[in-house]
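Participant: What follows is entry26.cif, mmCIF, C-alpha atoms.
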```cif
data_run
#
loop_
_atom_site.label_atom_id
_atom_site.label_comp_id
_atom_site.auth_asym_id
_atom_site.auth_seq_id
_atom_site.Cartn_x
_atom_site.Cartn_y
_atom_site.Cartn_z
CA MET A 3 36.00 5.14 -2.88
CA GLN A 4 33.24 6.16 -5.27
CA ASN A 5 33.93 5.43 -8.93
CA CYS A 6 33.49 8.81 -10.64
CA ARG A 7 33.01 7.17 -14.02
CA ARG A 8 29.59 5.85 -13.00
CA PRO A 9 26.48 7.52 -11.57
CA SER A 10 25.82 6.97 -7.89
CA LEU A 11 22.70 6.22 -5.86
CA LEU A 12 22.08 6.80 -2.17
CA VAL A 13 19.67 4.32 -0.57
CA VAL A 14 18.05 4.94 2.82
CA GLN A 15 16.95 1.63 4.36
CA PRO A 16 14.77 2.32 7.43
CA ASP A 17 14.14 -1.31 8.44
CA PRO A 18 16.39 -4.40 8.57
CA ALA A 19 13.58 -6.43 6.95
CA GLY A 20 13.23 -3.98 4.06
CA PRO A 21 16.39 -4.06 1.90
CA LEU A 22 16.73 -3.11 -1.77
CA ASP A 23 15.99 -6.76 -2.50
CA ARG A 24 15.40 -7.23 -6.26
CA PHE A 25 16.43 -3.64 -6.98
CA ALA A 26 19.98 -4.27 -5.71
CA GLU A 27 20.69 -6.51 -8.69
CA THR A 28 18.75 -4.26 -11.07
CA PHE A 29 20.69 -1.15 -10.08
CA LEU A 30 24.08 -2.87 -10.08
CA GLU A 31 23.41 -4.34 -13.52
CA ALA A 32 22.59 -0.82 -14.70
CA GLY A 33 26.05 0.32 -13.59
CA LEU A 34 25.09 2.41 -10.56
CA ASN A 35 27.37 2.82 -7.57
CA LEU A 36 25.26 2.11 -4.47
CA ARG A 37 25.63 3.56 -0.98
CA VAL A 38 23.16 2.15 1.53
CA VAL A 39 22.54 3.99 4.81
CA ARG A 40 20.83 2.00 7.60
CA PRO A 41 19.51 4.26 10.38
CA PHE A 42 18.27 1.21 12.34
CA ALA A 43 21.97 0.31 12.72
CA ALA A 44 22.84 3.81 13.95
CA GLU A 45 24.19 4.90 10.56
CA SER A 46 23.69 8.63 10.06
CA ILE A 47 21.62 9.90 7.18
CA PRO A 48 23.73 12.50 5.36
CA GLU A 49 22.66 16.12 5.51
CA GLN A 50 23.90 16.73 1.96
CA LEU A 51 22.99 14.62 -1.08
CA VAL A 52 26.16 14.15 -3.10
CA GLU A 53 24.91 11.16 -5.09
CA ASP A 54 23.16 11.36 -8.46
CA GLY A 55 19.94 9.74 -7.19
CA LEU A 56 18.06 8.81 -4.02
CA VAL A 57 15.87 5.88 -2.95
CA VAL A 58 14.05 5.79 0.39
CA LEU A 59 12.70 2.34 1.18
CA GLY A 60 9.85 1.15 3.39
CA GLY A 61 9.75 0.27 7.06
CA ASN A 62 7.52 -1.00 9.84
CA MET A 63 7.29 2.40 11.52
CA SER A 64 4.79 5.14 10.77
CA ALA A 65 5.82 8.22 8.81
CA SER A 66 4.81 10.31 11.84
CA ASP A 67 6.88 8.44 14.45
CA ASP A 68 9.48 11.20 14.72
CA ASP A 69 9.70 10.97 18.51
CA GLU A 70 10.87 7.36 18.31
CA TYR A 71 12.75 7.69 15.02
CA PRO A 72 14.22 11.21 14.83
CA TRP A 73 16.02 10.35 11.58
CA LEU A 74 12.64 10.56 9.82
CA HIS A 75 12.98 14.35 9.96
CA THR A 76 16.46 14.15 8.46
CA THR A 77 15.12 11.91 5.71
CA ARG A 78 12.46 14.47 4.81
CA LYS A 79 15.15 17.16 4.57
CA LEU A 80 17.14 14.90 2.27
CA LEU A 81 14.07 14.32 0.09
CA GLN A 82 13.47 18.06 -0.11
CA GLN A 83 17.07 18.61 -1.17
CA ALA A 84 16.83 15.88 -3.83
CA VAL A 85 13.80 17.57 -5.37
CA GLU A 86 15.44 21.00 -5.26
CA LEU A 87 18.49 19.55 -7.05
CA SER A 88 16.36 17.62 -9.57
CA ARG A 89 18.08 14.35 -8.60
CA PRO A 90 16.03 11.28 -9.59
CA THR A 91 14.30 10.09 -6.43
CA LEU A 92 12.09 7.12 -5.58
CA GLY A 93 10.21 6.82 -2.29
CA ILE A 94 8.76 3.37 -1.68
CA CYS A 95 5.83 2.82 0.74
CA LEU A 96 7.13 4.64 3.87
CA GLY A 97 9.53 6.48 1.57
CA GLY A 98 6.65 7.60 -0.61
CA GLN A 99 4.68 8.72 2.42
CA LEU A 100 7.67 10.75 3.64
CA LEU A 101 8.00 12.36 0.22
CA SER A 102 4.34 13.32 0.38
CA GLN A 103 4.69 14.75 3.90
CA THR A 104 7.77 16.73 2.94
CA PHE A 105 5.81 18.78 0.44
CA GLY A 106 2.55 19.17 2.35
CA GLY A 107 0.68 15.91 1.81
CA ALA A 108 -1.24 14.10 4.55
CA VAL A 109 -0.40 10.59 5.78
CA VAL A 110 -2.83 8.83 8.15
CA THR A 111 -3.85 5.36 9.26
CA GLY A 112 -5.46 3.58 6.33
CA ASN A 113 -9.24 3.66 6.41
CA HIS A 114 -9.42 0.17 4.89
CA GLY A 115 -6.91 -1.46 7.19
CA LEU A 116 -3.89 -3.53 6.20
CA GLU A 117 -3.35 -3.87 2.45
CA THR A 118 -1.40 -6.98 1.52
CA GLY A 119 -0.65 -9.18 -1.44
CA VAL A 120 -0.90 -7.88 -4.98
CA VAL A 121 -2.53 -4.64 -6.10
CA GLU A 122 -3.57 -3.73 -9.62
CA VAL A 123 -2.21 -0.27 -10.26
CA ARG A 124 -4.09 1.69 -12.90
CA LEU A 125 -2.28 4.48 -14.67
CA ARG A 126 -3.95 7.86 -14.89
CA PRO A 127 -3.78 10.03 -18.05
CA GLU A 128 -0.97 12.07 -16.47
CA ALA A 129 1.29 9.01 -16.63
CA GLU A 130 1.36 9.07 -20.43
CA GLN A 131 3.97 11.85 -20.39
CA ASP A 132 5.80 10.73 -17.26
CA GLU A 133 9.50 9.82 -17.48
CA LEU A 134 9.13 6.78 -15.23
CA PHE A 135 5.62 5.45 -15.80
CA ALA A 136 4.98 6.17 -19.48
CA SER A 137 6.47 2.82 -20.52
CA MET A 138 4.70 0.74 -17.86
CA PRO A 139 1.79 -1.54 -18.82
CA ASP A 140 -1.66 -0.32 -17.84
CA PRO A 141 -2.68 -1.73 -15.47
CA PHE A 142 0.26 -3.49 -13.83
CA LEU A 143 0.61 -5.72 -10.77
CA ALA A 144 2.66 -4.83 -7.69
CA GLY A 145 3.31 -6.26 -4.25
CA ALA A 146 1.89 -4.39 -1.26
CA MET A 147 1.97 -4.40 2.54
CA HIS A 148 1.06 -1.27 4.48
CA SER A 149 -1.34 0.05 7.12
CA ASP A 150 -0.97 3.80 6.60
CA MET A 151 -2.09 5.72 3.54
CA ILE A 152 -1.56 9.02 1.79
CA ARG A 153 -4.88 10.74 2.39
CA GLU A 154 -4.00 13.86 0.38
CA LEU A 155 -1.24 14.44 -2.13
CA PRO A 156 0.88 17.58 -1.79
CA PRO A 157 -0.15 20.73 -3.67
CA GLY A 158 1.18 20.53 -7.21
CA ALA A 159 1.87 16.79 -7.09
CA ILE A 160 1.14 14.82 -10.26
CA TRP A 161 -1.10 11.85 -9.51
CA LEU A 162 0.04 8.97 -11.71
CA GLY A 163 -1.50 5.70 -10.49
CA ASP A 164 -4.44 4.51 -8.41
CA SER A 165 -6.09 1.32 -7.18
CA ASP A 166 -9.40 0.25 -5.70
CA THR A 167 -8.50 0.19 -2.01
CA TYR A 168 -5.94 2.98 -1.64
CA PRO A 169 -6.03 5.49 -4.49
CA HIS A 170 -2.67 7.24 -4.16
CA GLN A 171 -0.46 4.44 -5.42
CA ALA A 172 1.94 6.58 -7.48
CA PHE A 173 2.69 10.30 -7.79
CA ARG A 174 5.44 12.69 -8.78
CA ILE A 175 6.85 15.82 -7.19
CA GLY A 176 8.59 18.16 -9.59
CA ASP A 177 10.15 16.49 -12.60
CA PHE A 178 12.18 13.64 -11.12
CA ALA A 179 10.86 12.58 -7.68
CA TRP A 180 8.38 9.71 -7.49
CA GLY A 181 6.50 8.20 -4.58
CA VAL A 182 4.81 4.80 -4.69
CA GLN A 183 2.64 3.15 -2.06
CA PHE A 184 3.37 -0.35 -3.36
CA HIS A 185 6.61 -2.35 -3.08
CA PRO A 186 8.27 -2.90 -6.47
CA GLU A 187 11.51 -4.01 -4.81
CA VAL A 188 10.17 -6.96 -2.80
CA THR A 189 10.73 -10.56 -3.89
CA LEU A 190 8.61 -13.57 -2.92
CA PRO A 191 11.08 -14.89 -0.27
CA SER A 192 11.12 -11.48 1.42
CA TYR A 193 7.36 -11.23 1.21
CA ARG A 194 7.04 -14.59 2.96
CA GLN A 195 9.23 -13.23 5.75
CA TRP A 196 7.10 -10.08 6.01
CA THR A 197 3.96 -12.19 6.32
CA SER A 198 5.54 -14.19 9.12
CA SER A 199 6.93 -11.18 10.98
CA PHE A 200 4.47 -8.32 10.47
CA GLY A 201 1.12 -9.66 9.36
CA GLY A 202 -0.51 -11.12 12.44
CA GLU A 203 -1.60 -8.73 15.20
CA THR A 204 -5.30 -9.65 14.95
CA PRO A 205 -7.26 -12.51 13.37
CA GLU A 206 -8.29 -10.20 10.53
CA THR A 207 -4.74 -9.05 9.75
CA LYS A 208 -3.58 -12.67 9.89
CA ARG A 209 -6.27 -13.62 7.40
CA ARG A 210 -5.37 -10.73 5.11
CA SER A 211 -1.66 -11.46 5.34
CA HIS A 212 -1.98 -15.11 4.41
CA ALA A 213 -4.43 -14.33 1.63
CA GLY A 214 -2.00 -11.70 0.39
CA LEU A 215 0.87 -14.18 0.38
CA SER A 216 -1.25 -16.60 -1.67
CA ASP A 217 -1.93 -13.81 -4.18
CA PHE A 218 1.76 -12.94 -4.37
CA GLU A 219 2.65 -16.57 -5.03
CA ARG A 220 -0.05 -16.82 -7.67
CA PHE A 221 0.88 -13.63 -9.52
CA GLU A 222 4.64 -13.62 -8.90
CA GLU A 223 5.52 -13.67 -12.60
CA GLY A 224 3.48 -10.55 -13.36
CA VAL A 225 4.69 -8.76 -10.24
CA THR A 226 8.31 -9.52 -11.13
CA ALA A 227 7.91 -8.31 -14.72
CA SER A 228 6.42 -4.94 -13.79
CA ALA A 229 8.81 -4.39 -10.88
CA THR A 230 11.85 -5.14 -13.02
CA ALA A 231 10.64 -2.74 -15.71
CA LEU A 232 10.13 0.03 -13.16
CA GLY A 233 13.54 -0.48 -11.55
CA ARG A 234 15.36 -0.54 -14.87
CA ARG A 235 13.64 2.60 -16.07
CA PHE A 236 14.47 4.45 -12.84
CA ALA A 237 18.13 3.46 -13.23
CA GLU A 238 18.06 4.68 -16.84
CA ILE A 239 16.73 8.07 -15.71
CA ILE A 240 19.59 8.42 -13.22
CA TYR A 241 22.08 7.53 -15.94
CA GLU A 242 20.50 9.96 -18.42
CA ARG A 243 20.56 12.81 -15.89
CA TRP A 244 24.16 11.99 -14.93
CA GLN A 245 25.26 12.08 -18.57
CA LEU A 246 23.78 15.54 -19.00
CA GLY A 247 26.03 16.80 -16.22
CA ASN A 248 29.20 15.10 -17.44
#
```
Can the structure from this file be put into structure tokens for me?
Facilitator:
Amino acid sequence: MQNCRRPSLLVVQPDPAGPLDRFAETFLEAGLNLRVVRPFAAESIPEQLVEDGLVVLGGNMSASDDDEYPWLHTTRKLLQQAVELSRPTLGICLGGQLLSQTFGGAVVTGNHGLETGVVEVRLRPEAEQDELFASMPDPFLAGAMHSDMIRELPPGAIWLGDSDTYPHQAFRIGDFAWGVQFHPEVTLPSYRQWTSSFGGETPETKRRSHAGLSDFERFEEGVTASATALGRRFAEIIYERWQLGN
């Protein structure tokens, strides 16, 4: 039974290899009640968002694979509802792409191929007044592994962070819904598993994957620091919004 004395967070986990990872501890330490829904295990994504916040994680599928993964459509509807209700929302990699699609953005195969390892995210001027990113260092380091990209942000989206290879690294829809292309939740052990499982379809992707793992190992301290700061601030926003309604 949900503890009504604490704010709650719904987490959609599309892929068994993509859990909350470091964010599980961060969110629990912040006092959030977590409910994780795993569509890959035939768990139904709710049609109504009753929690105080929403996180949609990454996955190995494409954001346009609705025929194979019909729950992607349901996830977009849930994201739309979260924005309409002004519930703090964070879409990570696939989750960020779905958030973009939901409001009219374009997601396509990345024109620079697989991005792996560590990206340097630069904050744009719009981030100075943003609830989530205003307190982040500029630039900051983040883990990454993706093949698709957000080609165009939705109309009215606030572009918050960019990088050299794929520019749309962070954005906001409305006041409290953020999408990120990078993976702030992933830890080094999980990243090693991703490299082993997903990073080797061609000689070039194998090379990129192993180079990316080396970068992650080299910059793990910086990646961890920025990811922890982002996760804690997101949890604080949920708590602040929850207090306003209680």
Participant: Any chance you could resolve the PyMOL selection byres ((chain A and resi 113) around 10) against this file and give the residues as a ChimeraX atom specification?
Facilitator: /A:110-112,114-116,149-151,153,167-168
Participant: The PyMOL selection byres ((chain A and resi 244) around 10) - which residues does that actually catch in the file I just gave you? List them as a list in words.
Facilitator: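 So the PyMOL selection byres ((chain A and resi 244) around 10), applied here, picks out Arg8, Pro9, Ser10, Glu53, Asp54, Gly55, Arg89, Pro90, Glu238, Ile239, Ile240, Tyr241, Glu242, Arg243, Gln245, Leu246, Gly247 and Asn248 of chain A.
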Participant: Please write as a list in words the full residue list that the PyMOL selection byres ((chain A and resi 120) around 7) yields on this file.
Facilitator: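 Applied to this file, the PyMOL selection byres ((chain A and resi 120) around 7) returns Thr118, Gly119, Val121, Glu122, Leu143, Ala144, Gly145, Ala146, Gly214, Asp217 and Phe218 of chain A.
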Participant: May I ask which of the residues A:Gln131, A:Ser228, A:Gln50, A:Ser199 is the closest one to Glu86 (chain A), counting all atoms listed in the file?
Facilitator: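 Of the candidates, the smallest distance to Glu86 (chain A) is held by A:Gln50.
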Participant: In Å, with one decimal, what is the gap from CA of Pro157 (chain A) to CA of Phe105 (chain A)?
Facilitator: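 Taking CA of Pro157 (chain A) and CA of Phe105 (chain A), their separation equals 7.5 Å.
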Participant: CA of Arg40 (chain A) to CA of Asp69 (chain A): how many Å, to one decimal?
Facilitator: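 These atoms are spaced 18.0 Å apart.
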